[in-house]
Every structure is written in structure tokens, then in C-alpha cells.
$ cat data_29.pdb   # PDB, C-alpha atoms
ATOM      1  CA  MET A 574     -16.363  12.164  10.071
ATOM      2  CA  ASP A 575     -20.158  12.193   9.961
ATOM      3  CA  GLN A 576     -20.125  11.234   6.317
ATOM      4  CA  GLY A 577     -17.850   8.278   6.943
ATOM      5  CA  PHE A 578     -20.090   6.987   9.714
ATOM      6  CA  PHE A 579     -23.166   7.511   7.568
ATOM      7  CA  LEU A 580     -21.647   5.571   4.690
ATOM      8  CA  LEU A 581     -20.623   2.770   7.023
ATOM      9  CA  PHE A 582     -24.076   2.425   8.590
ATOM     10  CA  ALA A 583     -25.882   2.848   5.284
ATOM     11  CA  ALA A 584     -23.773   0.187   3.561
ATOM     12  CA  ALA A 585     -24.271  -2.214   6.463
ATOM     13  CA  SER A 586     -28.031  -1.633   6.489
ATOM     14  CA  VAL A 587     -28.325  -2.189   2.739
ATOM     15  CA  VAL A 588     -26.292  -5.397   2.957
ATOM     16  CA  ALA A 589     -28.470  -6.590   5.830
ATOM     17  CA  ALA A 590     -31.638  -5.748   3.882
ATOM     18  CA  LEU A 591     -30.390  -7.685   0.863
ATOM     19  CA  THR A 592     -29.617 -10.619   3.143
ATOM     20  CA  LEU A 593     -33.158 -10.387   4.496
ATOM     21  CA  VAL A 594     -34.679 -10.684   1.038
ATOM     22  CA  LEU A 595     -32.278 -13.289  -0.326
ATOM     23  CA  ALA A 596     -31.774 -15.648   2.613
ATOM     24  CA  ARG A 597     -33.243 -19.136   2.364
ATOM     25  CA  ASN A 598     -33.914 -19.697   6.025
ATOM     26  CA  PRO A 599     -36.476 -17.403   7.705
ATOM     27  CA  VAL A 600     -34.348 -17.386  10.850
ATOM     28  CA  HIS A 601     -31.474 -15.904   8.862
ATOM     29  CA  SER A 602     -33.900 -13.336   7.467
ATOM     30  CA  ALA A 603     -34.991 -12.403  10.974
ATOM     31  CA  LEU A 604     -31.405 -11.993  12.160
ATOM     32  CA  ALA A 605     -30.548  -9.881   9.099
ATOM     33  CA  LEU A 606     -33.570  -7.699   9.800
ATOM     34  CA  MET A 607     -32.369  -7.275  13.363
ATOM     35  CA  ALA A 608     -28.948  -6.142  12.113
ATOM     36  CA  CYS A 609     -30.636  -3.750   9.696
ATOM     37  CA  PHE A 610     -32.701  -2.221  12.514
ATOM     38  CA  LEU A 611     -29.572  -1.688  14.587
ATOM     39  CA  GLN A 612     -27.897   0.143  11.696
ATOM     40  CA  VAL A 613     -30.981   2.280  11.180
ATOM     41  CA  SER A 614     -31.009   3.204  14.850
ATOM     42  CA  ALA A 615     -27.357   4.285  14.492
ATOM     43  CA  ILE A 616     -28.481   6.485  11.606
ATOM     44  CA  PHE A 617     -31.118   7.977  13.906
ATOM     45  CA  VAL A 618     -28.324   8.849  16.319
ATOM     46  CA  LEU A 619     -26.517  10.609  13.460
ATOM     47  CA  LEU A 620     -29.727  12.551  12.855
ATOM     48  CA  GLU A 621     -29.687  13.722  16.473
ATOM     49  CA  ALA A 622     -32.792  11.788  17.387
ATOM     50  CA  PRO A 623     -31.518   9.733  20.351
ATOM     51  CA  LEU A 624     -35.000   9.039  21.705
ATOM     52  CA  LEU A 625     -36.059   7.524  18.408
ATOM     53  CA  ALA A 626     -32.882   5.432  18.296
ATOM     54  CA  VAL A 627     -33.628   3.974  21.718
ATOM     55  CA  ILE A 628     -37.290   3.392  20.852
ATOM     56  CA  GLN A 629     -36.178   1.696  17.641
ATOM     57  CA  ILE A 630     -33.949  -0.716  19.539
ATOM     58  CA  PHE A 631     -36.522  -1.374  22.276
ATOM     59  CA  VAL A 632     -39.549  -1.831  20.076
ATOM     60  CA  TYR A 633     -38.139  -3.369  16.924
ATOM     61  CA  VAL A 634     -35.173  -5.376  18.116
ATOM     62  CA  GLY A 635     -36.508  -6.060  21.594
ATOM     63  CA  ALA A 636     -40.161  -6.755  20.949
ATOM     64  CA  ILE A 637     -41.010  -7.263  17.301
ATOM     65  CA  MET A 638     -38.047  -9.410  16.341
ATOM     66  CA  VAL A 639     -38.421 -11.582  19.435
ATOM     67  CA  LEU A 640     -42.074 -12.030  18.465
ATOM     68  CA  PHE A 641     -41.001 -13.070  14.978
ATOM     69  CA  LEU A 642     -38.448 -15.520  16.306
ATOM     70  CA  PHE A 643     -41.004 -17.023  18.683
ATOM     71  CA  VAL A 644     -43.476 -17.520  15.855
ATOM     72  CA  ILE A 645     -40.773 -19.055  13.643
ATOM     73  CA  MET A 646     -39.918 -21.355  16.535
ATOM     74  CA  MET A 647     -43.566 -22.341  17.064
ATOM     75  CA  ILE A 648     -44.246 -23.032  13.401
ATOM     76  CA  ASP A 649     -42.329 -25.668  11.540
ATOM     77  CA  VAL A 650     -40.658 -23.733   8.749
ATOM     78  CA  ARG A 651     -38.716 -26.496   7.075
ATOM     79  CA  GLU A 652     -41.204 -26.992   4.283
ATOM     80  CA  ALA A 653     -41.024 -23.339   3.294
ATOM     81  CA  VAL A 654     -37.254 -23.247   2.978
ATOM     82  CA  SER A 655     -37.014 -25.022  -0.352
ATOM     83  CA  GLN A 656     -38.431 -22.303  -2.590
ATOM     84  CA  ARG A 657     -37.521 -18.740  -1.905
ATOM     85  CA  PHE A 658     -39.462 -16.848  -4.529
ATOM     86  CA  LEU A 659     -42.899 -17.063  -6.033
ATOM     87  CA  PRO A 660     -43.177 -19.532  -8.889
ATOM     88  CA  GLY A 661     -43.580 -18.177 -12.380
ATOM     89  CA  SER A 662     -41.943 -15.246 -14.053
ATOM     90  CA  ASN A 663     -40.984 -12.476 -11.690
ATOM     91  CA  LEU A 664     -39.634 -10.232 -14.426
ATOM     92  CA  PRO A 665     -42.568  -7.741 -14.530
ATOM     93  CA  VAL A 666     -42.291  -7.179 -10.780
ATOM     94  CA  LEU A 667     -38.567  -6.574 -11.037
ATOM     95  CA  VAL A 668     -39.064  -4.119 -13.898
ATOM     96  CA  LEU A 669     -41.755  -2.331 -11.910
ATOM     97  CA  LEU A 670     -39.518  -2.106  -8.863
ATOM     98  CA  GLY A 671     -36.624  -0.825 -10.951
ATOM     99  CA  LEU A 672     -38.822   1.841 -12.487
ATOM    100  CA  LEU A 673     -40.107   2.814  -9.046
ATOM    101  CA  GLY A 674     -36.605   3.166  -7.650
ATOM    102  CA  ILE A 675     -35.308   5.091 -10.658
ATOM    103  CA  GLU A 676     -38.313   7.390 -10.540
ATOM    104  CA  MET A 677     -37.806   8.170  -6.869
ATOM    105  CA  LEU A 678     -34.074   8.740  -7.347
ATOM    106  CA  VAL A 679     -34.631  11.021 -10.336
ATOM    107  CA  LEU A 680     -37.267  13.025  -8.517
ATOM    108  CA  VAL A 681     -34.996  13.396  -5.501
ATOM    109  CA  LEU A 682     -31.753  14.180  -7.290
ATOM    110  CA  ARG A 683     -33.165  16.545  -9.885
ATOM    111  CA  SER A 684     -35.193  18.608  -7.472
ATOM    112  CA  ASP A 685     -33.380  21.515  -5.880
ATOM    113  CA  ARG A 686     -35.581  21.283  -2.824
ATOM    114  CA  PHE A 687     -33.734  18.260  -1.498
ATOM    115  CA  SER A 688     -30.212  19.227  -2.479
ATOM    116  CA  VAL A 689     -30.076  22.353  -0.350
ATOM    117  CA  ALA A 690     -28.733  20.986   2.892
ATOM    118  CA  GLU A 691     -27.609  23.792   5.075
ATOM    119  CA  PRO A 692     -26.632  22.534   8.501
ATOM    120  CA  VAL A 693     -29.222  23.530  11.025
ATOM    121  CA  ALA A 694     -28.259  25.425  14.116
ATOM    122  CA  MET A 695     -27.130  23.137  16.891
ATOM    123  CA  ARG A 696     -29.686  22.869  19.633
ATOM    124  CA  THR A 697     -28.527  23.297  23.167
ATOM    125  CA  GLY A 698     -29.937  20.037  24.435
ATOM    126  CA  GLY A 699     -33.238  19.390  26.125
ATOM    127  CA  GLU A 700     -34.718  18.253  22.818
ATOM    128  CA  VAL A 701     -36.283  15.202  24.398
ATOM    129  CA  ARG A 702     -38.102  17.504  26.791
ATOM    130  CA  GLN A 703     -39.297  19.688  23.918
ATOM    131  CA  LEU A 704     -40.308  16.622  21.956
ATOM    132  CA  SER A 705     -42.333  15.214  24.819
ATOM    133  CA  LYS A 706     -43.955  18.569  25.465
ATOM    134  CA  THR A 707     -45.061  18.737  21.858
ATOM    135  CA  LEU A 708     -46.187  15.120  21.942
ATOM    136  CA  PHE A 709     -48.247  15.474  25.096
ATOM    137  CA  THR A 710     -49.845  18.824  24.284
ATOM    138  CA  ASP A 711     -50.419  19.192  20.566
ATOM    139  CA  TYR A 712     -50.567  15.497  19.777
ATOM    140  CA  LEU A 713     -52.300  14.184  22.871
ATOM    141  CA  LEU A 714     -55.373  12.890  21.064
ATOM    142  CA  PRO A 715     -53.409  10.869  18.464
ATOM    143  CA  PHE A 716     -51.307   9.504  21.308
ATOM    144  CA  GLU A 717     -54.378   8.247  23.142
ATOM    145  CA  VAL A 718     -55.828   6.850  19.925
ATOM    146  CA  ALA A 719     -52.567   4.973  19.342
ATOM    147  CA  SER A 720     -52.804   3.445  22.809
ATOM    148  CA  VAL A 721     -56.382   2.314  22.116
ATOM    149  CA  ILE A 722     -55.184   0.800  18.830
ATOM    150  CA  LEU A 723     -52.466  -1.091  20.691
ATOM    151  CA  LEU A 724     -55.046  -2.420  23.153
ATOM    152  CA  ALA A 725     -57.299  -3.526  20.302
ATOM    153  CA  ALA A 726     -54.350  -5.217  18.589
ATOM    154  CA  LEU A 727     -53.488  -7.023  21.823
ATOM    155  CA  VAL A 728     -57.017  -8.376  22.210
ATOM    156  CA  GLY A 729     -57.216  -9.218  18.520
ATOM    157  CA  ALA A 730     -53.912 -11.098  18.513
ATOM    158  CA  ILE A 731     -54.945 -13.162  21.537
ATOM    159  CA  MET A 732     -58.297 -13.996  19.974
ATOM    160  CA  LEU A 733     -56.737 -14.921  16.621
ATOM    161  CA  ALA A 734     -54.003 -17.127  18.000
ATOM    162  CA  ARG A 735     -56.274 -18.891  20.498
ATOM    163  CA  LYS A 736     -57.184 -22.507  19.984
ATOM    164  CA  GLU A 737     -60.783 -23.037  18.981
ATOM    165  CA  PRO A 738     -62.832 -24.504  21.841
ATOM    166  CA  GLN A 739     -64.073 -27.937  20.959
TER
ATOM    167  CA  MET B1442     -22.279  17.388   7.577
ATOM    168  CA  VAL B1443     -24.166  14.764   5.674
ATOM    169  CA  PRO B1444     -26.359  16.234   2.930
ATOM    170  CA  LEU B1445     -30.054  15.538   3.111
ATOM    171  CA  TRP B1446     -30.295  13.656  -0.131
ATOM    172  CA  TRP B1447     -27.999  10.912   1.155
ATOM    173  CA  TYR B1448     -30.629   9.999   3.719
ATOM    174  CA  ILE B1449     -33.350  10.101   1.089
ATOM    175  CA  VAL B1450     -31.337   7.852  -1.219
ATOM    176  CA  LEU B1451     -30.839   5.402   1.647
ATOM    177  CA  GLY B1452     -34.586   5.472   2.262
ATOM    178  CA  VAL B1453     -35.267   4.820  -1.422
ATOM    179  CA  VAL B1454     -32.841   1.888  -1.561
ATOM    180  CA  LEU B1455     -34.257   0.269   1.570
ATOM    181  CA  PHE B1456     -37.808   0.856   0.303
ATOM    182  CA  VAL B1457     -37.118  -0.822  -3.027
ATOM    183  CA  ILE B1458     -35.438  -3.792  -1.345
ATOM    184  CA  GLY B1459     -38.347  -4.151   1.058
ATOM    185  CA  ALA B1460     -40.889  -3.884  -1.762
ATOM    186  CA  ALA B1461     -39.000  -6.606  -3.631
ATOM    187  CA  GLY B1462     -39.248  -8.788  -0.557
ATOM    188  CA  VAL B1463     -42.989  -8.153  -0.219
ATOM    189  CA  LEU B1464     -43.719  -8.834  -3.872
ATOM    190  CA  LEU B1465     -41.356 -11.713  -4.569
ATOM    191  CA  ARG B1466     -40.839 -13.849  -1.492
ATOM    192  CA  ARG B1467     -42.931 -16.935  -0.989
ATOM    193  CA  ASN B1468     -42.698 -17.346   2.765
ATOM    194  CA  ILE B1469     -45.318 -15.275   4.531
ATOM    195  CA  LEU B1470     -43.042 -14.547   7.486
ATOM    196  CA  VAL B1471     -40.378 -13.034   5.246
ATOM    197  CA  VAL B1472     -43.086 -10.967   3.549
ATOM    198  CA  LEU B1473     -44.021  -9.562   6.956
ATOM    199  CA  MET B1474     -40.397  -8.801   7.763
ATOM    200  CA  SER B1475     -39.990  -6.962   4.460
ATOM    201  CA  LEU B1476     -43.051  -4.930   5.403
ATOM    202  CA  GLU B1477     -41.220  -3.880   8.559
ATOM    203  CA  LEU B1478     -38.302  -2.794   6.394
ATOM    204  CA  LEU B1479     -40.626  -0.648   4.259
ATOM    205  CA  LEU B1480     -42.019   1.149   7.298
ATOM    206  CA  ASN B1481     -38.530   1.668   8.674
ATOM    207  CA  SER B1482     -37.254   3.269   5.478
ATOM    208  CA  VAL B1483     -40.169   5.702   5.659
ATOM    209  CA  ASN B1484     -39.162   6.483   9.247
ATOM    210  CA  ILE B1485     -35.673   7.425   8.063
ATOM    211  CA  ASN B1486     -37.230   9.944   5.700
ATOM    212  CA  PHE B1487     -39.472  11.385   8.400
ATOM    213  CA  ILE B1488     -36.627  11.920  10.831
ATOM    214  CA  ALA B1489     -34.222  13.239   8.193
ATOM    215  CA  PHE B1490     -36.689  15.854   6.989
ATOM    216  CA  GLY B1491     -37.578  16.767  10.548
ATOM    217  CA  HIS B1492     -33.935  17.211  11.412
ATOM    218  CA  TYR B1493     -33.037  19.299   8.400
ATOM    219  CA  HIS B1494     -36.072  21.548   8.719
ATOM    220  CA  ASP B1495     -35.647  21.802  12.478
ATOM    221  CA  ASP B1496     -39.112  20.479  13.207
ATOM    222  CA  PHE B1497     -40.218  17.967  15.808
ATOM    223  CA  ARG B1498     -43.174  16.681  13.869
ATOM    224  CA  GLY B1499     -40.995  14.265  11.926
ATOM    225  CA  GLN B1500     -39.954  12.495  15.100
ATOM    226  CA  ILE B1501     -43.496  12.507  16.439
ATOM    227  CA  PHE B1502     -44.771  10.957  13.247
ATOM    228  CA  ALA B1503     -42.038   8.343  13.449
ATOM    229  CA  ILE B1504     -43.133   7.473  16.995
ATOM    230  CA  PHE B1505     -46.688   6.940  15.782
ATOM    231  CA  VAL B1506     -45.474   4.846  12.858
ATOM    232  CA  ILE B1507     -43.540   2.630  15.277
ATOM    233  CA  ALA B1508     -46.584   2.227  17.548
ATOM    234  CA  ILE B1509     -48.870   1.304  14.661
ATOM    235  CA  THR B1510     -46.230  -1.100  13.341
ATOM    236  CA  ALA B1511     -46.142  -2.891  16.688
ATOM    237  CA  ALA B1512     -49.932  -3.302  16.580
ATOM    238  CA  GLU B1513     -49.796  -4.495  12.981
ATOM    239  CA  VAL B1514     -47.134  -7.086  13.712
ATOM    240  CA  ALA B1515     -49.066  -8.459  16.680
ATOM    241  CA  VAL B1516     -52.237  -8.953  14.627
ATOM    242  CA  ALA B1517     -50.346 -10.265  11.591
ATOM    243  CA  LEU B1518     -48.452 -12.856  13.607
ATOM    244  CA  GLY B1519     -51.722 -13.930  15.232
ATOM    245  CA  ILE B1520     -53.146 -14.449  11.765
ATOM    246  CA  VAL B1521     -50.023 -16.370  10.723
ATOM    247  CA  VAL B1522     -50.318 -18.681  13.729
ATOM    248  CA  ALA B1523     -54.009 -19.298  12.976
ATOM    249  CA  LEU B1524     -53.143 -19.906   9.316
ATOM    250  CA  ALA B1525     -50.387 -22.374  10.126
ATOM    251  CA  ARG B1526     -52.758 -24.201  12.475
ATOM    252  CA  ASN B1527     -55.724 -24.400  10.114
ATOM    253  CA  LYS B1528     -54.176 -24.635   6.656
ATOM    254  CA  SER B1529     -50.694 -25.826   7.625
ATOM    255  CA  THR B1530     -48.990 -23.767   4.973
ATOM    256  CA  LEU B1531     -46.844 -20.662   4.997
ATOM    257  CA  LYS B1532     -46.670 -20.049   1.256
ATOM    258  CA  VAL B1533     -48.454 -16.950   0.109
ATOM    259  CA  ASP B1534     -49.485 -18.468  -3.209
ATOM    260  CA  GLU B1535     -51.290 -21.336  -1.488
ATOM    261  CA  VAL B1536     -53.479 -19.104   0.650
ATOM    262  CA  THR B1537     -56.257 -18.461  -1.815
ATOM    263  CA  MET B1538     -59.305 -18.796   0.411
ATOM    264  CA  MET B1539     -60.547 -15.327  -0.482
ATOM    265  CA  LYS B1540     -59.994 -15.732  -4.215
ATOM    266  CA  GLY B1541     -63.289 -15.701  -6.056
TER
END

$ encode --input "data_29.pdb" --output "C-alpha cells"
Amino acid sequence: MDQGFFLLFAAASVVAALTLVLARNPVHSALALMACFLQVSAIFVLLEAPLLAVIQIFVYVGAIMVLFLFVIMMIDVREAVSQRFLPGSNLPVLVLLGLLGIEMLVLVLRSDRFSVAEPVAMRTGGEVRQLSKTLFTDYLLPFEVASVILLAALVGAIMLARKEPQ
Amino acid sequence: MVPLWWYIVLGVVLFVIGAAGVLLRRNILVVLMSLELLLNSVNINFIAFGHYHDDFRGQIFAIFVIAITAAEVAVALGIVVALARNKSTLKVDEVTMMKG
């Protein structure tokens, strides 16, 4: 049951990711990325992280992708549609990526640390409460630093996108 | 029960696809989107390890990754808008202002 759902979501997310990389139109890429994020949030639900699934949908699909679509709408993208990939030979990059993927897969599949997958004991609920307690006690300082970073990014984005005064 | 290495393999596949998008695509917006995909595949790994080792720190790390990603996207899209206004191009191989 779980495995079937995992395979379904994983296959859909990989197809969506391939569509993202291969699509000609950036709008199609953005929509494929949105589909991929939805599949990944379903995988978070399978991992019993419902808070992260909701945050994923809110932040990525709700905020970041809308931002992307607005920027695509503001900028005329028709001139960039014609050529998808960088000019010149892309073979070394592809070889490098293949080696990287094979290396990671070999390291994962040959190590016995990752293959032992005993099911953990089912928690009795209230994990969001435990998570937030941990977040707001042990990780309070990083949380505040993250909020300051978000504020700085907000100011920086406004300053960068502003029209220069004449 | 889904074994742990399935999640890791999914993370690897999404990471390689995203890296291909970052390294190969010409449109700077698609490069940024592939960057999002990279960060998301890392999040899958964080949450999978946290779940299988019964530890909350994976989820907390994933929350921080999402927050930093939101900040990064805001600044990057501001830069893209400024770039499109000043240089009127979106191709990564034509933005060579910082090349010596």
C-alpha cells in the first residue's frame, strides 16, 4: 500500500522534473515544477511529516511559484524560447552528472547503513506540538536569524527591482 | 513499509535532474527553478532520515532550508528583473559582465 503510493508519487515527481528541464517554454517549466512540488509534498505525508507537507504547499506552490510566474509575466520571454540549452558541446557536463549520480547510487546501495530500514515505532500523535517545542526552545536562535534573513531579503529584493531614479 | 533507500534514490534522481537543469539550460529563470528542485531533493533526504531515525532535527532543518530558499528566490528574482531591465537578456551565456 505505502510502497505503491510511494512509487506513484516518485514516478510523477521524476516525470515532472524531467519536464521542467526539457520544456521549451519557461511557463511550462514553472507548471511542471509546481506539479513536482505537489508530488514531493505527498511524499512528505508518506513520511509522516504533515506540517512540512503543508509548509511545502504554502511556501513553494503558493508563494515561490506565483513569484516565478509573475516575473515570467513581467519579462518578455519569447526571445529565450528558441534555444533551450547552452551552445557548444554539453557532453562533459552530462558525463560529469552521470558519474555523480552513479557515485551517489553506488555509495547508497552498497552501504549497509542505508539498507537497514526497520519501521520505527508509531508515534501517538502530537508530533507537531513536539516539533514546535523543539523548534522554539533548542532552535530559537536560528529561527530568529532566519526571520532576520527573510527581512533582509525582502528589503534587498525591493531595492534591486526598483527603477533607478532619474 | 517503504525502505529508506527508496527515498534516498528518489533524492539522488531529483538532484541529478536539477543539476542538469542548472548546468545545461540557457534561460536564467529555468536555472533558478532547477535550483529549487535541488534544494527540494535535499529536503526529501532530511525528512526521510529524520523519520527513520525518529529524530525531529531533520524536519527542523527542512523548515530552515525552506525559509532560506524563500529568501534566495526573492533576491534572485529581483536580480533577474534588474538584469532584464538593464541588459534585456535572459540567457546565462550573455551575462558576462563579471568576466575578467

$ closest_atom_pairs --input "data_29.pdb" --of "chain A" --to "chain B" --cutoff "6 Å" --atoms "only C-alpha atoms" --output "JSON lines"
{"residue": "A:Gln576", "atom": "CA", "partner": "B:Val1443", "partner_atom": "CA", "distance": 5.4}
{"residue": "A:Val594", "atom": "CA", "partner": "B:Gly1462", "partner_atom": "CA", "distance": 5.2}
{"residue": "A:Arg657", "atom": "CA", "partner": "B:Arg1467", "partner_atom": "CA", "distance": 5.8}
{"residue": "A:Phe658", "atom": "CA", "partner": "B:Arg1466", "partner_atom": "CA", "distance": 4.5}
{"residue": "A:Leu659", "atom": "CA", "partner": "B:Arg1467", "partner_atom": "CA", "distance": 5.0}
{"residue": "A:Phe687", "atom": "CA", "partner": "B:Trp1446", "partner_atom": "CA", "distance": 5.9}
{"residue": "A:Ala690", "atom": "CA", "partner": "B:Pro1444", "partner_atom": "CA", "distance": 5.3}
{"residue": "A:Leu723", "atom": "CA", "partner": "B:Ala1512", "partner_atom": "CA", "distance": 5.3}
{"residue": "A:Ala726", "atom": "CA", "partner": "B:Ala1512", "partner_atom": "CA", "distance": 5.2}
{"residue": "A:Ala730", "atom": "CA", "partner": "B:Val1516", "partner_atom": "CA", "distance": 4.7}
{"residue": "A:Leu733", "atom": "CA", "partner": "B:Gly1519", "partner_atom": "CA", "distance": 5.3}
{"residue": "A:Ala734", "atom": "CA", "partner": "B:Gly1519", "partner_atom": "CA", "distance": 4.8}

$ resolve_selection --input "data_29.pdb" --expression "the PyMOL selection byres ((chain A and resi 599-613) around 6)" --output "PyMOL selection string"
chain A and resi 582+586+589+593+596+598+614-616+634

$ atom_distance --input "data_29.pdb" --atom1 "atom CA of A:Val627" --atom2 "atom CA of A:Gly729"
27.2 Å

$ atom_distance --input "data_29.pdb" --atom1 "atom CA of A:Leu580" --atom2 "atom CA of A:Val666"
28.8 Å

$ atom_distance --input "data_29.pdb" --atom1 "atom CA of A:Lys706" --atom2 "atom CA of A:Pro623"
16.1 Å
